[in-house]
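Colleague: File upload.cif below, mmCIF, N, CA, C and O atoms:
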data_model
#
loop_
_atom_site.group_PDB
_atom_site.id
_atom_site.type_symbol
_atom_site.label_atom_id
_atom_site.label_comp_id
_atom_site.auth_asym_id
_atom_site.auth_seq_id
_atom_site.Cartn_x
_atom_site.Cartn_y
_atom_site.Cartn_z
ATOM 1 N N THR A 1 -8.507 20.778 4.758
ATOM 2 C CA THR A 1 -7.471 19.810 4.401
ATOM 3 C C THR A 1 -6.431 20.478 3.513
ATOM 4 O O THR A 1 -6.733 21.382 2.744
ATOM 5 N N GLY A 2 -5.207 19.982 3.601
ATOM 6 C CA GLY A 2 -4.113 20.542 2.830
ATOM 7 C C GLY A 2 -4.108 20.053 1.397
ATOM 8 O O GLY A 2 -4.889 19.188 1.007
ATOM 9 N N LEU A 3 -3.225 20.611 0.630
ATOM 10 C CA LEU A 3 -3.082 20.220 -0.764
ATOM 11 C C LEU A 3 -1.874 19.311 -0.921
ATOM 12 O O LEU A 3 -0.862 19.474 -0.240
ATOM 13 N N ILE A 4 -1.988 18.364 -1.830
ATOM 14 C CA ILE A 4 -0.907 17.442 -2.166
ATOM 15 C C ILE A 4 -0.461 17.791 -3.574
ATOM 16 O O ILE A 4 -1.233 17.649 -4.526
ATOM 17 N N TYR A 5 0.757 18.278 -3.687
ATOM 18 C CA TYR A 5 1.290 18.696 -4.974
ATOM 19 C C TYR A 5 2.084 17.558 -5.592
ATOM 20 O O TYR A 5 3.022 17.041 -4.973
ATOM 21 N N LEU A 6 1.706 17.167 -6.798
ATOM 22 C CA LEU A 6 2.404 16.135 -7.558
ATOM 23 C C LEU A 6 2.968 16.774 -8.822
ATOM 24 O O LEU A 6 2.532 17.864 -9.214
ATOM 25 N N PRO A 7 3.915 16.112 -9.485
ATOM 26 C CA PRO A 7 4.504 16.708 -10.679
ATOM 27 C C PRO A 7 3.487 17.053 -11.778
ATOM 28 O O PRO A 7 3.718 17.962 -12.563
ATOM 29 N N THR A 8 2.366 16.357 -11.802
ATOM 30 C CA THR A 8 1.402 16.586 -12.883
ATOM 31 C C THR A 8 0.051 17.095 -12.400
ATOM 32 O O THR A 8 -0.930 17.054 -13.154
ATOM 33 N N GLY A 9 -0.034 17.555 -11.159
ATOM 34 C CA GLY A 9 -1.302 18.081 -10.690
ATOM 35 C C GLY A 9 -1.353 18.244 -9.192
ATOM 36 O O GLY A 9 -0.391 17.975 -8.479
ATOM 37 N N VAL A 10 -2.528 18.664 -8.714
ATOM 38 C CA VAL A 10 -2.738 18.949 -7.297
ATOM 39 C C VAL A 10 -4.055 18.318 -6.860
ATOM 40 O O VAL A 10 -5.045 18.350 -7.589
ATOM 41 N N PHE A 11 -4.054 17.728 -5.668
ATOM 42 C CA PHE A 11 -5.259 17.165 -5.059
ATOM 43 C C PHE A 11 -5.413 17.761 -3.671
ATOM 44 O O PHE A 11 -4.413 18.103 -3.038
ATOM 45 N N ASN A 12 -6.654 17.799 -3.180
ATOM 46 C CA ASN A 12 -6.792 17.966 -1.746
ATOM 47 C C ASN A 12 -6.877 16.550 -1.174
ATOM 48 O O ASN A 12 -7.008 15.573 -1.921
ATOM 49 N N LEU A 13 -6.783 16.411 0.125
ATOM 50 C CA LEU A 13 -6.717 15.089 0.744
ATOM 51 C C LEU A 13 -7.955 14.257 0.439
ATOM 52 O O LEU A 13 -7.853 13.065 0.137
ATOM 53 N N GLU A 14 -9.118 14.863 0.478
ATOM 54 C CA GLU A 14 -10.360 14.128 0.200
ATOM 55 C C GLU A 14 -10.398 13.607 -1.233
ATOM 56 O O GLU A 14 -10.787 12.467 -1.484
ATOM 57 N N GLU A 15 -9.957 14.424 -2.193
ATOM 58 C CA GLU A 15 -9.931 13.995 -3.596
ATOM 59 C C GLU A 15 -8.972 12.827 -3.802
ATOM 60 O O GLU A 15 -9.310 11.841 -4.464
ATOM 61 N N LEU A 16 -7.779 12.927 -3.240
ATOM 62 C CA LEU A 16 -6.790 11.862 -3.404
ATOM 63 C C LEU A 16 -7.267 10.569 -2.751
ATOM 64 O O LEU A 16 -7.169 9.486 -3.348
ATOM 65 N N THR A 17 -7.818 10.666 -1.558
ATOM 66 C CA THR A 17 -8.338 9.482 -0.868
ATOM 67 C C THR A 17 -9.453 8.831 -1.675
ATOM 68 O O THR A 17 -9.465 7.605 -1.861
ATOM 69 N N SER A 18 -10.378 9.623 -2.176
ATOM 70 C CA SER A 18 -11.482 9.084 -2.985
ATOM 71 C C SER A 18 -10.967 8.408 -4.245
ATOM 72 O O SER A 18 -11.430 7.332 -4.616
ATOM 73 N N MET A 19 -9.999 9.043 -4.899
ATOM 74 C CA MET A 19 -9.452 8.460 -6.122
ATOM 75 C C MET A 19 -8.785 7.109 -5.831
ATOM 76 O O MET A 19 -9.053 6.112 -6.513
ATOM 77 N N LEU A 20 -7.951 7.051 -4.803
ATOM 78 C CA LEU A 20 -7.251 5.807 -4.486
ATOM 79 C C LEU A 20 -8.223 4.705 -4.072
ATOM 80 O O LEU A 20 -8.026 3.536 -4.414
ATOM 81 N N ASN A 21 -9.290 5.058 -3.370
ATOM 82 C CA ASN A 21 -10.258 4.063 -2.926
ATOM 83 C C ASN A 21 -11.230 3.639 -4.021
ATOM 84 O O ASN A 21 -11.953 2.656 -3.848
ATOM 85 N N THR A 22 -11.238 4.353 -5.130
ATOM 86 C CA THR A 22 -12.122 4.025 -6.249
ATOM 87 C C THR A 22 -11.429 3.149 -7.288
ATOM 88 O O THR A 22 -12.089 2.488 -8.089
ATOM 89 N N LEU A 23 -10.119 3.102 -7.268
ATOM 90 C CA LEU A 23 -9.388 2.274 -8.231
ATOM 91 C C LEU A 23 -9.844 0.822 -8.120
ATOM 92 O O LEU A 23 -10.121 0.347 -7.019
ATOM 93 N N PRO A 24 -9.899 0.099 -9.245
ATOM 94 C CA PRO A 24 -10.421 -1.279 -9.228
ATOM 95 C C PRO A 24 -9.412 -2.331 -8.761
ATOM 96 O O PRO A 24 -9.475 -3.480 -9.165
ATOM 97 N N PHE A 25 -8.477 -1.930 -7.916
ATOM 98 C CA PHE A 25 -7.495 -2.864 -7.361
ATOM 99 C C PHE A 25 -6.997 -2.314 -6.031
ATOM 100 O O PHE A 25 -7.130 -1.133 -5.744
ATOM 101 N N ASP A 26 -6.447 -3.198 -5.215
ATOM 102 C CA ASP A 26 -5.899 -2.805 -3.913
ATOM 103 C C ASP A 26 -4.526 -2.166 -4.088
ATOM 104 O O ASP A 26 -3.749 -2.573 -4.961
ATOM 105 N N ILE A 27 -4.236 -1.221 -3.235
ATOM 106 C CA ILE A 27 -2.900 -0.619 -3.186
ATOM 107 C C ILE A 27 -2.403 -0.719 -1.750
ATOM 108 O O ILE A 27 -3.126 -0.379 -0.816
ATOM 109 N N THR A 28 -1.195 -1.210 -1.591
ATOM 110 C CA THR A 28 -0.518 -1.155 -0.301
ATOM 111 C C THR A 28 0.841 -0.536 -0.561
ATOM 112 O O THR A 28 1.576 -0.986 -1.447
ATOM 113 N N TYR A 29 1.178 0.498 0.187
ATOM 114 C CA TYR A 29 2.473 1.135 0.045
ATOM 115 C C TYR A 29 3.371 0.686 1.191
ATOM 116 O O TYR A 29 3.028 0.831 2.366
ATOM 117 N N VAL A 30 4.521 0.134 0.814
ATOM 118 C CA VAL A 30 5.539 -0.308 1.761
ATOM 119 C C VAL A 30 6.783 0.523 1.467
ATOM 120 O O VAL A 30 7.243 0.565 0.319
ATOM 121 N N ASN A 31 7.347 1.176 2.473
ATOM 122 C CA ASN A 31 8.492 2.048 2.217
ATOM 123 C C ASN A 31 9.787 1.253 2.041
ATOM 124 O O ASN A 31 9.787 0.014 2.101
ATOM 125 N N LYS A 32 10.882 1.966 1.865
ATOM 126 C CA LYS A 32 12.178 1.329 1.586
ATOM 127 C C LYS A 32 12.678 0.474 2.743
ATOM 128 O O LYS A 32 13.536 -0.377 2.567
ATOM 129 N N ASP A 33 12.126 0.686 3.933
ATOM 130 C CA ASP A 33 12.510 -0.089 5.109
ATOM 131 C C ASP A 33 11.545 -1.239 5.382
ATOM 132 O O ASP A 33 11.547 -1.808 6.471
ATOM 133 N N ASP A 34 10.689 -1.547 4.396
ATOM 134 C CA ASP A 34 9.719 -2.653 4.457
ATOM 135 C C ASP A 34 8.593 -2.412 5.463
ATOM 136 O O ASP A 34 7.976 -3.351 5.957
ATOM 137 N N ILE A 35 8.315 -1.150 5.752
ATOM 138 C CA ILE A 35 7.252 -0.786 6.687
ATOM 139 C C ILE A 35 5.998 -0.403 5.912
ATOM 140 O O ILE A 35 6.056 0.393 4.968
ATOM 141 N N VAL A 36 4.858 -0.968 6.307
ATOM 142 C CA VAL A 36 3.586 -0.637 5.672
ATOM 143 C C VAL A 36 3.209 0.781 6.088
ATOM 144 O O VAL A 36 3.111 1.079 7.277
ATOM 145 N N LYS A 37 3.022 1.648 5.100
ATOM 146 C CA LYS A 37 2.703 3.044 5.366
ATOM 147 C C LYS A 37 1.271 3.410 4.975
ATOM 148 O O LYS A 37 0.735 4.390 5.473
ATOM 149 N N TYR A 38 0.656 2.634 4.058
ATOM 150 C CA TYR A 38 -0.665 2.996 3.536
ATOM 151 C C TYR A 38 -1.289 1.786 2.863
ATOM 152 O O TYR A 38 -0.588 0.951 2.299
ATOM 153 N N PHE A 39 -2.617 1.717 2.918
ATOM 154 C CA PHE A 39 -3.349 0.800 2.033
ATOM 155 C C PHE A 39 -4.669 1.453 1.656
ATOM 156 O O PHE A 39 -5.230 2.248 2.415
ATOM 157 N N SER A 40 -5.124 1.162 0.457
ATOM 158 C CA SER A 40 -6.395 1.712 -0.013
ATOM 159 C C SER A 40 -7.546 0.953 0.632
ATOM 160 O O SER A 40 -7.373 -0.161 1.130
ATOM 161 N N GLU A 41 -8.708 1.569 0.626
ATOM 162 C CA GLU A 41 -9.878 0.987 1.267
ATOM 163 C C GLU A 41 -11.034 0.858 0.273
ATOM 164 O O GLU A 41 -12.162 1.253 0.567
ATOM 165 N N GLY A 42 -10.737 0.304 -0.893
ATOM 166 C CA GLY A 42 -11.773 0.113 -1.897
ATOM 167 C C GLY A 42 -12.793 -0.934 -1.470
ATOM 168 O O GLY A 42 -12.581 -1.690 -0.526
ATOM 169 N N LYS A 43 -13.905 -0.961 -2.185
ATOM 170 C CA LYS A 43 -14.978 -1.903 -1.855
ATOM 171 C C LYS A 43 -14.604 -3.342 -2.168
ATOM 172 O O LYS A 43 -15.005 -4.267 -1.475
ATOM 173 N N GLU A 44 -13.859 -3.546 -3.243
ATOM 174 C CA GLU A 44 -13.450 -4.896 -3.654
ATOM 175 C C GLU A 44 -12.074 -5.182 -3.063
ATOM 176 O O GLU A 44 -11.080 -4.622 -3.489
ATOM 177 N N ARG A 45 -12.002 -6.057 -2.081
ATOM 178 C CA ARG A 45 -10.740 -6.377 -1.418
ATOM 179 C C ARG A 45 -10.205 -7.708 -1.911
ATOM 180 O O ARG A 45 -10.958 -8.677 -2.020
ATOM 181 N N THR A 46 -8.920 -7.772 -2.172
ATOM 182 C CA THR A 46 -8.284 -9.041 -2.488
ATOM 183 C C THR A 46 -8.201 -9.880 -1.227
ATOM 184 O O THR A 46 -8.487 -11.066 -1.224
ATOM 185 N N PHE A 47 -7.803 -9.246 -0.120
ATOM 186 C CA PHE A 47 -7.817 -9.878 1.197
ATOM 187 C C PHE A 47 -8.000 -8.785 2.239
ATOM 188 O O PHE A 47 -7.638 -7.631 2.001
ATOM 189 N N PRO A 48 -8.560 -9.121 3.377
ATOM 190 C CA PRO A 48 -8.855 -8.094 4.380
ATOM 191 C C PRO A 48 -7.594 -7.546 5.038
ATOM 192 O O PRO A 48 -6.600 -8.251 5.185
ATOM 193 N N ARG A 49 -7.657 -6.273 5.405
ATOM 194 C CA ARG A 49 -6.578 -5.617 6.149
ATOM 195 C C ARG A 49 -7.223 -4.776 7.240
ATOM 196 O O ARG A 49 -8.341 -4.313 7.092
ATOM 197 N N THR A 50 -6.474 -4.543 8.292
ATOM 198 C CA THR A 50 -6.919 -3.606 9.313
ATOM 199 C C THR A 50 -5.866 -2.517 9.448
ATOM 200 O O THR A 50 -4.704 -2.713 9.062
ATOM 201 N N LYS A 51 -6.242 -1.398 10.028
ATOM 202 C CA LYS A 51 -5.300 -0.291 10.200
ATOM 203 C C LYS A 51 -4.159 -0.650 11.147
ATOM 204 O O LYS A 51 -3.160 0.062 11.209
ATOM 205 N N ALA A 52 -4.265 -1.771 11.833
ATOM 206 C CA ALA A 52 -3.199 -2.221 12.731
ATOM 207 C C ALA A 52 -1.914 -2.555 11.976
ATOM 208 O O ALA A 52 -0.836 -2.593 12.581
ATOM 209 N N ILE A 53 -1.980 -2.775 10.655
ATOM 210 C CA ILE A 53 -0.761 -3.095 9.903
ATOM 211 C C ILE A 53 0.087 -1.861 9.624
ATOM 212 O O ILE A 53 1.276 -1.988 9.337
ATOM 213 N N ILE A 54 -0.499 -0.675 9.727
ATOM 214 C CA ILE A 54 0.251 0.547 9.467
ATOM 215 C C ILE A 54 1.381 0.653 10.491
ATOM 216 O O ILE A 54 1.172 0.530 11.699
ATOM 217 N N GLY A 55 2.592 0.846 9.984
ATOM 218 C CA GLY A 55 3.761 0.962 10.850
ATOM 219 C C GLY A 55 4.465 -0.352 11.136
ATOM 220 O O GLY A 55 5.519 -0.357 11.763
ATOM 221 N N ARG A 56 3.894 -1.451 10.652
ATOM 222 C CA ARG A 56 4.511 -2.761 10.891
ATOM 223 C C ARG A 56 5.361 -3.172 9.695
ATOM 224 O O ARG A 56 5.131 -2.762 8.564
ATOM 225 N N ASN A 57 6.320 -4.042 9.955
ATOM 226 C CA ASN A 57 7.089 -4.639 8.871
ATOM 227 C C ASN A 57 6.142 -5.501 8.047
ATOM 228 O O ASN A 57 5.347 -6.269 8.599
ATOM 229 N N VAL A 58 6.227 -5.380 6.729
ATOM 230 C CA VAL A 58 5.295 -6.087 5.850
ATOM 231 C C VAL A 58 5.349 -7.598 6.060
ATOM 232 O O VAL A 58 4.332 -8.280 5.953
ATOM 233 N N SER A 59 6.491 -8.139 6.407
ATOM 234 C CA SER A 59 6.598 -9.585 6.642
ATOM 235 C C SER A 59 5.790 -10.023 7.856
ATOM 236 O O SER A 59 5.329 -11.156 7.924
ATOM 237 N N ASN A 60 5.600 -9.105 8.812
ATOM 238 C CA ASN A 60 4.852 -9.438 10.022
ATOM 239 C C ASN A 60 3.338 -9.284 9.858
ATOM 240 O O ASN A 60 2.605 -9.448 10.824
ATOM 241 N N CYS A 61 2.904 -8.992 8.646
ATOM 242 C CA CYS A 61 1.474 -8.797 8.383
ATOM 243 C C CYS A 61 0.871 -9.995 7.651
ATOM 244 O O CYS A 61 -0.265 -9.928 7.178
ATOM 245 N N HIS A 62 1.621 -11.066 7.548
ATOM 246 C CA HIS A 62 1.186 -12.233 6.785
ATOM 247 C C HIS A 62 1.382 -13.510 7.605
ATOM 248 O O HIS A 62 2.254 -13.554 8.473
ATOM 249 N N PRO A 63 0.608 -14.525 7.289
ATOM 250 C CA PRO A 63 0.781 -15.808 7.986
ATOM 251 C C PRO A 63 2.192 -16.364 7.750
ATOM 252 O O PRO A 63 2.768 -16.169 6.676
ATOM 253 N N PRO A 64 2.750 -17.042 8.732
ATOM 254 C CA PRO A 64 4.113 -17.575 8.595
ATOM 255 C C PRO A 64 4.330 -18.405 7.328
ATOM 256 O O PRO A 64 5.402 -18.342 6.730
ATOM 257 N N ALA A 65 3.330 -19.134 6.905
ATOM 258 C CA ALA A 65 3.490 -19.984 5.718
ATOM 259 C C ALA A 65 3.675 -19.185 4.435
ATOM 260 O O ALA A 65 4.189 -19.717 3.443
ATOM 261 N N SER A 66 3.272 -17.902 4.423
ATOM 262 C CA SER A 66 3.397 -17.109 3.198
ATOM 263 C C SER A 66 4.467 -16.025 3.284
ATOM 264 O O SER A 66 4.671 -15.292 2.319
ATOM 265 N N VAL A 67 5.169 -15.934 4.400
ATOM 266 C CA VAL A 67 6.173 -14.883 4.566
ATOM 267 C C VAL A 67 7.251 -14.964 3.497
ATOM 268 O O VAL A 67 7.685 -13.942 2.959
ATOM 269 N N HIS A 68 7.680 -16.155 3.130
ATOM 270 C CA HIS A 68 8.729 -16.281 2.101
ATOM 271 C C HIS A 68 8.265 -15.698 0.773
ATOM 272 O O HIS A 68 9.062 -15.109 0.041
ATOM 273 N N VAL A 69 6.993 -15.825 0.453
ATOM 274 C CA VAL A 69 6.448 -15.266 -0.792
ATOM 275 C C VAL A 69 6.463 -13.742 -0.714
ATOM 276 O O VAL A 69 6.888 -13.059 -1.657
ATOM 277 N N VAL A 70 6.036 -13.193 0.413
ATOM 278 C CA VAL A 70 6.029 -11.739 0.611
ATOM 279 C C VAL A 70 7.447 -11.197 0.521
ATOM 280 O O VAL A 70 7.695 -10.193 -0.168
ATOM 281 N N GLU A 71 8.384 -11.842 1.166
ATOM 282 C CA GLU A 71 9.769 -11.378 1.134
ATOM 283 C C GLU A 71 10.345 -11.423 -0.270
ATOM 284 O O GLU A 71 11.113 -10.537 -0.661
ATOM 285 N N GLN A 72 9.961 -12.417 -1.065
ATOM 286 C CA GLN A 72 10.432 -12.481 -2.450
ATOM 287 C C GLN A 72 9.820 -11.368 -3.290
ATOM 288 O O GLN A 72 10.506 -10.760 -4.120
ATOM 289 N N ILE A 73 8.548 -11.075 -3.080
ATOM 290 C CA ILE A 73 7.895 -9.980 -3.808
ATOM 291 C C ILE A 73 8.584 -8.655 -3.483
ATOM 292 O O ILE A 73 8.891 -7.865 -4.379
ATOM 293 N N VAL A 74 8.854 -8.405 -2.215
ATOM 294 C CA VAL A 74 9.524 -7.180 -1.795
ATOM 295 C C VAL A 74 10.923 -7.112 -2.427
ATOM 296 O O VAL A 74 11.324 -6.086 -2.964
ATOM 297 N N ALA A 75 11.657 -8.205 -2.395
ATOM 298 C CA ALA A 75 12.999 -8.237 -2.995
ATOM 299 C C ALA A 75 12.934 -7.966 -4.494
ATOM 300 O O ALA A 75 13.759 -7.223 -5.026
ATOM 301 N N ASP A 76 11.940 -8.550 -5.155
ATOM 302 C CA ASP A 76 11.791 -8.326 -6.605
ATOM 303 C C ASP A 76 11.496 -6.853 -6.918
ATOM 304 O O ASP A 76 12.041 -6.296 -7.873
ATOM 305 N N PHE A 77 10.642 -6.224 -6.121
ATOM 306 C CA PHE A 77 10.377 -4.802 -6.329
ATOM 307 C C PHE A 77 11.637 -3.985 -6.134
ATOM 308 O O PHE A 77 11.921 -3.064 -6.917
ATOM 309 N N LYS A 78 12.416 -4.295 -5.125
ATOM 310 C CA LYS A 78 13.648 -3.545 -4.858
ATOM 311 C C LYS A 78 14.666 -3.721 -5.978
ATOM 312 O O LYS A 78 15.454 -2.825 -6.238
ATOM 313 N N GLU A 79 14.631 -4.863 -6.636
ATOM 314 C CA GLU A 79 15.558 -5.129 -7.737
ATOM 315 C C GLU A 79 15.000 -4.654 -9.073
ATOM 316 O O GLU A 79 15.639 -4.806 -10.104
ATOM 317 N N GLY A 80 13.786 -4.109 -9.052
ATOM 318 C CA GLY A 80 13.169 -3.634 -10.286
ATOM 319 C C GLY A 80 12.529 -4.721 -11.122
ATOM 320 O O GLY A 80 12.299 -4.557 -12.312
ATOM 321 N N LYS A 81 12.214 -5.863 -10.511
ATOM 322 C CA LYS A 81 11.604 -6.989 -11.217
ATOM 323 C C LYS A 81 10.091 -6.970 -11.062
ATOM 324 O O LYS A 81 9.463 -7.980 -10.893
ATOM 325 N N ASN A 82 9.487 -5.796 -11.087
ATOM 326 C CA ASN A 82 8.054 -5.716 -10.895
ATOM 327 C C ASN A 82 7.382 -5.863 -12.220
ATOM 328 O O ASN A 82 6.280 -5.911 -12.448
#
Let me see the structure of the file written as structure tokens.

Modeller:
Amino acid sequence: TGLIYLPTGVFNLEELTSMLNTLPFDITYVNKDDIVKYFSEGKERTFPRTKAIIGRNVSNCHPPASVHVVEQIVADFKEGKN
């Protein structure tokens, strides 16, 4: 596996994956175009996800009744209101 160089250190892929999956909270990374690029696979899930969401628009990964909430969260992050 390759190395991932960060400003404050270096991981190999297995180390980084283990670290992200061990954190006591879920992580989902959505890029600037609102596309889901990654989610952690920790034991404690807030809600279930499948790998089918990778590459999809984040709004299309939620039930229609909650899409407005997701879109507001994304807008708030883009505006720095996190």

Colleague: Give me, please, the distance in Å between CA of Ile4 (chain A) and CA of Lys37 (chain A), quoted to one decimal.

Modeller: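 CA of Lys37 (chain A) lies 16.6 Å from CA of Ile4 (chain A).
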
Colleague: Neighbouring residues of region 41-45 of chain A were defined as those with any atom within 8 Å, considering all atoms listed in the file; residues of the same chain fewer than 6 positions away were excluded. Please report them as a VMD selection string.

Modeller: chain A and resid 17 to 18 20 to 27

Colleague: Expressed in Å to a single decimal, how great is the separation between CA of Val69 (chain A) and atom N of Thr46 (chain A)?

Modeller: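 The value is 17.2 Å.
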
Colleague: Show me, as a PyMOL selection string, the residues that have an atom within 12 Å of Ala52 (chain A) when counting only C-alpha atoms, minus same-chain residues fewer than 6 positions from it.

Modeller: chain A and resi 36-39+58+60-61

Colleague: Could you check how far CA of Gly9 (chain A) sits from CA of Lys78 (chain A), in Å to one decimal?

Modeller: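 CA of Lys78 (chain A) lies 26.9 Å from CA of Gly9 (chain A).
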
Colleague: Considering all atoms listed in the file, state which residue in the set A:Glu15, A:Ile35, A:Phe47, A:Thr28 is at the smallest distance from Ser59 (chain A).

Modeller: A:Ile35

Colleague: Please identify the strand (DSSP E) residues within chain A (assignment by DSSP from backbone atoms) and present them as a count of residues only.

Modeller: 15

Colleague: Can you work out which one of A:Val10, A:Asp33, A:Ser40, A:Phe77 has the shortest atom-to-atom distance to Arg56 (chain A), counting only N, CA, C and O atoms?

Modeller: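 Nearest candidate to Arg56 (chain A) out of A:Val10, A:Asp33, A:Ser40, A:Phe77: A:Asp33.
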
Colleague: I need the residues in chain A that are alpha helix (DSSP H) according to DSSP; give them as a VMD selection string.

Modeller: chain A and resid 13 to 22 67 to 78

Colleague: Print the selection's residues with N, CA, C and O atoms to a file, as a short mmCIF file (atom, residue, chain, number, x, y, z; two decimals), keeping the file's coordinate frame.

Modeller:
data_model
loop_
_atom_site.label_atom_id
_atom_site.label_comp_id
_atom_site.auth_asym_id
_atom_site.auth_seq_id
_atom_site.Cartn_x
_atom_site.Cartn_y
_atom_site.Cartn_z
N LEU A 13 -6.78 16.41 0.12
CA LEU A 13 -6.72 15.09 0.74
C LEU A 13 -7.96 14.26 0.44
O LEU A 13 -7.85 13.06 0.14
N GLU A 14 -9.12 14.86 0.48
CA GLU A 14 -10.36 14.13 0.20
C GLU A 14 -10.40 13.61 -1.23
O GLU A 14 -10.79 12.47 -1.48
N GLU A 15 -9.96 14.42 -2.19
CA GLU A 15 -9.93 14.00 -3.60
C GLU A 15 -8.97 12.83 -3.80
O GLU A 15 -9.31 11.84 -4.46
N LEU A 16 -7.78 12.93 -3.24
CA LEU A 16 -6.79 11.86 -3.40
C LEU A 16 -7.27 10.57 -2.75
O LEU A 16 -7.17 9.49 -3.35
N THR A 17 -7.82 10.67 -1.56
CA THR A 17 -8.34 9.48 -0.87
C THR A 17 -9.45 8.83 -1.68
O THR A 17 -9.46 7.60 -1.86
N SER A 18 -10.38 9.62 -2.18
CA SER A 18 -11.48 9.08 -2.98
C SER A 18 -10.97 8.41 -4.24
O SER A 18 -11.43 7.33 -4.62
N MET A 19 -10.00 9.04 -4.90
CA MET A 19 -9.45 8.46 -6.12
C MET A 19 -8.78 7.11 -5.83
O MET A 19 -9.05 6.11 -6.51
N LEU A 20 -7.95 7.05 -4.80
CA LEU A 20 -7.25 5.81 -4.49
C LEU A 20 -8.22 4.70 -4.07
O LEU A 20 -8.03 3.54 -4.41
N ASN A 21 -9.29 5.06 -3.37
CA ASN A 21 -10.26 4.06 -2.93
C ASN A 21 -11.23 3.64 -4.02
O ASN A 21 -11.95 2.66 -3.85
N THR A 22 -11.24 4.35 -5.13
CA THR A 22 -12.12 4.03 -6.25
C THR A 22 -11.43 3.15 -7.29
O THR A 22 -12.09 2.49 -8.09
N VAL A 67 5.17 -15.93 4.40
CA VAL A 67 6.17 -14.88 4.57
C VAL A 67 7.25 -14.96 3.50
O VAL A 67 7.68 -13.94 2.96
N HIS A 68 7.68 -16.16 3.13
CA HIS A 68 8.73 -16.28 2.10
C HIS A 68 8.26 -15.70 0.77
O HIS A 68 9.06 -15.11 0.04
N VAL A 69 6.99 -15.82 0.45
CA VAL A 69 6.45 -15.27 -0.79
C VAL A 69 6.46 -13.74 -0.71
O VAL A 69 6.89 -13.06 -1.66
N VAL A 70 6.04 -13.19 0.41
CA VAL A 70 6.03 -11.74 0.61
C VAL A 70 7.45 -11.20 0.52
O VAL A 70 7.70 -10.19 -0.17
N GLU A 71 8.38 -11.84 1.17
CA GLU A 71 9.77 -11.38 1.13
C GLU A 71 10.34 -11.42 -0.27
O GLU A 71 11.11 -10.54 -0.66
N GLN A 72 9.96 -12.42 -1.06
CA GLN A 72 10.43 -12.48 -2.45
C GLN A 72 9.82 -11.37 -3.29
O GLN A 72 10.51 -10.76 -4.12
N ILE A 73 8.55 -11.08 -3.08
CA ILE A 73 7.90 -9.98 -3.81
C ILE A 73 8.58 -8.65 -3.48
O ILE A 73 8.89 -7.86 -4.38
N VAL A 74 8.85 -8.40 -2.22
CA VAL A 74 9.52 -7.18 -1.80
C VAL A 74 10.92 -7.11 -2.43
O VAL A 74 11.32 -6.09 -2.96
N ALA A 75 11.66 -8.20 -2.40
CA ALA A 75 13.00 -8.24 -3.00
C ALA A 75 12.93 -7.97 -4.49
O ALA A 75 13.76 -7.22 -5.03
N ASP A 76 11.94 -8.55 -5.16
CA ASP A 76 11.79 -8.33 -6.60
C ASP A 76 11.50 -6.85 -6.92
O ASP A 76 12.04 -6.30 -7.87
N PHE A 77 10.64 -6.22 -6.12
CA PHE A 77 10.38 -4.80 -6.33
C PHE A 77 11.64 -3.98 -6.13
O PHE A 77 11.92 -3.06 -6.92
N LYS A 78 12.42 -4.30 -5.12
CA LYS A 78 13.65 -3.54 -4.86
C LYS A 78 14.67 -3.72 -5.98
O LYS A 78 15.45 -2.82 -6.24
#

Colleague: A:Leu3, A:Thr50, A:Gly55, A:Val30: which is nearest Glu71 (chain A), counting only C-alpha atoms?

Modeller: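 Of A:Leu3, A:Thr50, A:Gly55, A:Val30, the one nearest Glu71 (chain A) is A:Val30, counting only C-alpha atoms.
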
Colleague: Which one of A:Phe11, A:Asp34, A:Tyr5, A:Leu16 sits closest to Asn57 (chain A) if you count all atoms listed in the file?

Modeller: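 Answer, going by the shortest atom-to-atom distance: A:Asp34.
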
Colleague: Centre and edge lengths of an axis-aligned box around all listed atoms of region 23-27 of chain A, with 4 Å added on each side, are to be given in Å to one decimal, as lines of an AutoDock Vina configuration file.

Modeller:
center_x = -6.4
center_y = -0.2
center_z = -5.0
size_x = 16.0
size_y = 14.6
size_z = 16.4
